[in-house]
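Below is one structure, written out as structure tokens, with a few remarks after it.
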Amino acid sequence: VRIALGPLPLADLAPAELRRLALAAVSAGYDAVWVRESRGAGFGGGLAAASFIAQLVPLRAGALVEAGLYHPLHLAEDIAVADVASGGRIEVALTHGSLAAARRYGARPSGSRFAEEVAIVSEALSGAHFSHQGRHFRVPANLEANGPTPTRLAINPGPAQARVPLWLAARVPRASTLARRHHHGLLLDWEDRRRAVDRGRVPLALACPAGVDAADLLAIAVGGVRYFLVDARTSDEATAAARRLVAPLRMPDLPDWVLAD
Amino acid sequence: MKFGVGDFSGQLPAGSGHSHREIYFDLLDQARLIEGAGLDSMWVSEHHFAPDGYMPSVLILAAAALARTERITIGTDRLSASLHHPIRLAEDAIALDLMSGGRFVLGLSLTYRQEELTGFHMVLADEVDRLEELAKVLRRAFAGKPFSHRGKHFDIPRVTITPPPLTPGGPRLMIAGDGPVTEGPGRAARLADAMMVDPVLPWADLERLVEAYDRTRGDSQGEIAPFVYGGLHPDGREAAWREVADGFRYMRHNYDRWMGKPPTAELPPASYRLLLGTPADVAQQALAYRARFGDRVHLVLRLNYPGMPAAAVARQISLWGEAAALARG
């Protein structure tokens, strides 16, 4: 079982506080620090923030990123470069761009577009040369006005990790199907924790509140969740949550007197 | 006058025996060396789908370099503007501005490689229009006030980009004065805070560009960032050239191939404004920019070429720091 701090909302945190929380995550024993962009409110830069944090702390760095707003090849390249620069410590969760974000970008989010974006990002991150002919994207486009170019392309550099851990927000329509098809995980919201079973070998992550009880998480872990993202917003909250959760979840068989704070 | 290093391209020549992971680690270490040498800035440059892995995601790498440093400016000198969505770029640039305490500069340029254009569903004919429209949208987005935009390429309803940037008016914008002298400098003067000048342009062209830039601005105060190639060595010009020659050749011939030109035969090219020699020589060569254009010059030297060992780049940075200190007096 792994435990991450976050996803920290970039919209609500000053950069100095983000830095403090990342450092607190190290001393508290978290495995990763996650951030969350919210482009509907104008807060982008999720992967840039993860890239920044990965240079500050020796933990893994994750970003909950909104898809459906710009070209997925940019997303794949951002993931790959962040991963290379961090020495292979990047994790990503993809969610639908909100309607507010889509409006700002002049985008038309849809289930079929999200499916194509996941396919393109997955292919691109594999490092292989590929092409994609879909309803929403043609990669490479090879428009009439383009000069002669190869019919396939590859992003370069590819990521440092053989597979960048990639999770799809479970609330996105057909997320389970897409996750299975592309061998990604599913990120569940706390409200959906009772659905954290029977996902057909899809790795599961769960976003949980900072005040959650270790026993509850242990029960959920039995159902198949192996990754918990703890939504603490202050250094004290992050530290307190780690004291309650980290040791019991990582070493559930230790006697109580060892786990006692 | 300011002194920078770049651009950094993250290229991995075939057979170099290294990995991109090593190159990026070196590059981030070099950001700290640049800061430690008393220099002012580091610049990264963007291309996509290149066989040698030319850096495709400059904002992400800039974020990492900003995290590693405390004082210097980190900027993109050539972000391929037309390939990006302006709202995304604005949001990400503001995030870098905030995270770094205002040390990020967003440099934009035109795209010319067909592989990149076709990869992102763009065409060459739209390049100039898209760059100009994107820069206008960025400016309004950086103002932190509600705005809408209806243009040829972008249709943006009434939005406000929040939070506002730390830097008043947003991260500084730099635009390359590329293309005909009647267009590039005017574009930079109208739309940006600074004009980047390509290192291949000879002195006469640089002077024409700056003249046109000043004319459009109506003053001689606008920042100019002449990029230059070169190298340093305590033993002088020939030794300095030997340090960088192999990497320079690789870089030059790669660009030549992309531009459909025959490989440049004259190395070092006599028409380039090369900075070559001892730190004292290079300080004098750098001061020629101040003599012509004043203190507004931000001189950016490329002394890091593809395939160069990290130790050699570190020596170059240290010597460039010495030269800059001499030039500052």
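By order of appearance in the structure tokens: chains A, B, ..., then residues from 1 within every chain, and ligands from 1 in the order shown.
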Can you write out as CSV which residues of chain B fall within 8 Å of chain A, alongside each residue's closest atom pair and its distance in Å to one decimal, counting only C-alpha atoms and ordering rows by chain and ascending residue number?
```
residue,atom,partner,partner_atom,distance
B:His20,CA,A:Pro157,CA,6.7
B:Arg21,CA,A:Val84,CA,5.2
B:Tyr24,CA,A:Ala85,CA,5.5
B:Phe25,CA,A:Ala85,CA,6.5
B:His48,CA,A:Ile155,CA,7.1
B:Phe49,CA,A:Ile155,CA,5.1
B:Ala50,CA,A:Asn156,CA,6.5
B:Pro51,CA,A:Asn156,CA,7.0
B:Asp52,CA,A:Asn156,CA,7.4
B:Gly53,CA,A:Asn156,CA,4.5
B:Tyr54,CA,A:Asn156,CA,7.4
B:Met55,CA,A:Pro157,CA,7.6
B:Pro56,CA,A:Glu77,CA,6.4
B:Ser57,CA,A:Asp78,CA,5.5
B:Leu59,CA,A:Ala48,CA,6.8
B:Ile60,CA,A:Ala48,CA,4.9
B:Leu61,CA,A:Val81,CA,6.9
B:Ala63,CA,A:Phe52,CA,5.1
B:Ala64,CA,A:Phe52,CA,4.7
B:Ala65,CA,A:Phe52,CA,7.8
B:Leu66,CA,A:Phe52,CA,7.3
B:Ala67,CA,A:Phe52,CA,5.3
B:Arg68,CA,A:Gln55,CA,6.5
B:His84,CA,A:Tyr70,CA,7.9
B:His85,CA,A:Tyr70,CA,6.6
B:Ile87,CA,A:Tyr105,CA,6.6
B:Arg88,CA,A:Gly44,CA,7.0
B:Glu91,CA,A:Gly44,CA,4.9
B:Asp92,CA,A:Gly45,CA,4.4
B:Ala93,CA,A:Gly45,CA,7.7
B:Ala95,CA,A:Gly45,CA,5.6
B:Leu96,CA,A:Ala48,CA,7.4
B:Leu98,CA,A:Pro15,CA,6.7
B:Met99,CA,A:Pro15,CA,5.3
B:Gln114,CA,A:Gly147,CA,6.0
B:Glu115,CA,A:Thr149,CA,5.9
B:Leu117,CA,A:Asn146,CA,7.4
B:Thr118,CA,A:Ala141,CA,5.0
B:Gly119,CA,A:Pro140,CA,4.4
B:Phe120,CA,A:Ala141,CA,7.0
B:His121,CA,A:Ala141,CA,5.0
B:Met122,CA,A:Asn146,CA,8.0
B:Val123,CA,A:Asn146,CA,5.9
B:Leu124,CA,A:Asn146,CA,7.3
B:Asp155,CA,A:Gly106,CA,6.6
B:Ile156,CA,A:Arg104,CA,6.2
B:Pro157,CA,A:Arg104,CA,6.3
B:Arg158,CA,A:Arg104,CA,7.8
B:Val159,CA,A:Arg104,CA,6.4
B:Thr160,CA,A:Gly42,CA,7.2
B:Ile161,CA,A:Gly42,CA,4.9
B:Thr162,CA,A:Gly42,CA,4.9
B:Pro163,CA,A:Phe43,CA,7.0
```
Backbone DSSP call of alpha helix (DSSP H) for stretch 10-166 of chain A, listed as a PyMOL selection string: chain A and resi 15-28+46-56+72-85+99-105+111-125
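Distances from B:Met259, B:Val58, B:Ala81, B:Leu232 to B:Leu276 were compared using only C-alpha atoms, and the smallest one belongs to B:Leu232.
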Best match for closeness to A:Pro209 among A:Arg194, A:Arg113, A:Arg181, A:Arg233, counting only C-alpha atoms: A:Arg233
Backbone DSSP call of strand (DSSP E) for stretch 61-300 of chain B, listed as a VMD selection string: chain B and resid 73 to 80 104 to 109 147 to 150 155 to 159 172 to 176 194 to 197 223 to 232 275 to 277 298 to 300
Spatial neighbours of B:Ala310, 9 Å, only C-alpha atoms, chain gap at least 2 places, as a PDB file with N, CA and C atoms, in the first residue's frame:
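Below you can see out-v8.pdb, which holds the result:
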```pdb
ATOM      1  N   ILE B  23      21.234  13.618 -19.513  1.00  0.00           N
ATOM      2  CA  ILE B  23      21.334  14.974 -20.085  1.00  0.00           C
ATOM      3  C   ILE B  23      20.497  15.965 -19.288  1.00  0.00           C
ATOM      4  N   ASP B  26      22.129  16.680 -15.968  1.00  0.00           N
ATOM      5  CA  ASP B  26      23.241  17.613 -16.179  1.00  0.00           C
ATOM      6  C   ASP B  26      22.702  19.031 -16.385  1.00  0.00           C
ATOM      7  N   LEU B  27      21.663  19.105 -17.193  1.00  0.00           N
ATOM      8  CA  LEU B  27      21.104  20.419 -17.519  1.00  0.00           C
ATOM      9  C   LEU B  27      20.601  21.134 -16.251  1.00  0.00           C
ATOM     10  N   GLN B  30      23.437  22.293 -14.379  1.00  0.00           N
ATOM     11  CA  GLN B  30      24.009  23.470 -15.031  1.00  0.00           C
ATOM     12  C   GLN B  30      23.227  24.741 -14.694  1.00  0.00           C
ATOM     13  N   ASN B 304      27.027  25.396 -24.666  1.00  0.00           N
ATOM     14  CA  ASN B 304      26.634  24.026 -24.353  1.00  0.00           C
ATOM     15  C   ASN B 304      26.094  23.408 -25.625  1.00  0.00           C
ATOM     16  N   GLY B 307      26.147  16.715 -27.148  1.00  0.00           N
ATOM     17  CA  GLY B 307      27.229  15.737 -27.042  1.00  0.00           C
ATOM     18  C   GLY B 307      28.410  16.190 -26.211  1.00  0.00           C
ATOM     19  N   MET B 308      28.423  17.454 -25.778  1.00  0.00           N
ATOM     20  CA  MET B 308      29.553  17.920 -24.955  1.00  0.00           C
ATOM     21  C   MET B 308      29.487  17.285 -23.572  1.00  0.00           C
ATOM     22  N   ALA B 312      32.869  19.678 -19.428  1.00  0.00           N
ATOM     23  CA  ALA B 312      33.287  20.728 -20.357  1.00  0.00           C
ATOM     24  C   ALA B 312      32.301  21.893 -20.328  1.00  0.00           C
ATOM     25  N   VAL B 313      31.008  21.579 -20.251  1.00  0.00           N
ATOM     26  CA  VAL B 313      30.005  22.646 -20.167  1.00  0.00           C
ATOM     27  C   VAL B 313      30.199  23.422 -18.866  1.00  0.00           C
ATOM     28  N   ALA B 314      30.482  22.706 -17.794  1.00  0.00           N
ATOM     29  CA  ALA B 314      30.700  23.377 -16.503  1.00  0.00           C
ATOM     30  C   ALA B 314      31.886  24.342 -16.587  1.00  0.00           C
ATOM     31  N   ARG B 315      32.956  23.909 -17.270  1.00  0.00           N
ATOM     32  CA  ARG B 315      34.123  24.806 -17.438  1.00  0.00           C
ATOM     33  C   ARG B 315      33.729  26.045 -18.234  1.00  0.00           C
TER      34      ARG B 315
END
```
All residues 10 Å or closer to B:Gly36, only C-alpha atoms, same chain fewer than 3 positions away omitted, as a PyMOL selection string: chain B and resi 30-33+39-40+69+71-72+317-318+321
For stretch 76-78 of chain B: contacts at 8 Å, only C-alpha atoms, fewer than 5 positions along chain excluded, given as a list in words: Asp7, Trp43, Val44, Ser45, Glu46, Val58, Leu59, Ala62, Val105, Leu106, Gly107, Leu108, Ser109, Leu110, Met174, Ile175, Ala176 and Met196 of chain B
d(atom CA of B:Lys261, atom CA of B:Pro199) in Å: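 If I compute the distance from atom CA of B:Lys261 to atom CA of B:Pro199, I get 17.0 Å.
Nearest to B:His253 of all the residues B:Pro146, B:Gly184, B:Pro13, B:Gly170 is B:Pro13, counting only C-alpha atoms.
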Residue contacts of A:Tyr30 (8 Å, only C-alpha atoms) excluding same-chain residues fewer than 6 positions away, as a PyMOL selection string: chain A and resi 2-5+59+242+246
Deliver the residues from the most recent selection as a file, using C-alpha atoms, as a PDB file, in the first residue's frame.
```pdb
ATOM      1  CA  ARG A   2       1.252   3.452  -0.901  1.00  0.00           C
ATOM      2  CA  ILE A   3       0.140   6.748   0.551  1.00  0.00           C
ATOM      3  CA  ALA A   4       0.376  10.134  -1.128  1.00  0.00           C
ATOM      4  CA  LEU A   5      -0.268  13.624   0.108  1.00  0.00           C
ATOM      5  CA  LEU A  59       9.406  11.619  -3.353  1.00  0.00           C
ATOM      6  CA  ALA A 242       0.563  10.400   8.234  1.00  0.00           C
ATOM      7  CA  VAL A 246       1.237   5.467   7.243  1.00  0.00           C
TER       8      VAL A 246
END
```
Within 9 Å of B:Leu191 using only C-alpha atoms, minus same-chain residues under 5 positions, as a PyMOL selection string: chain B and resi 132+135-136+139+173-175+186
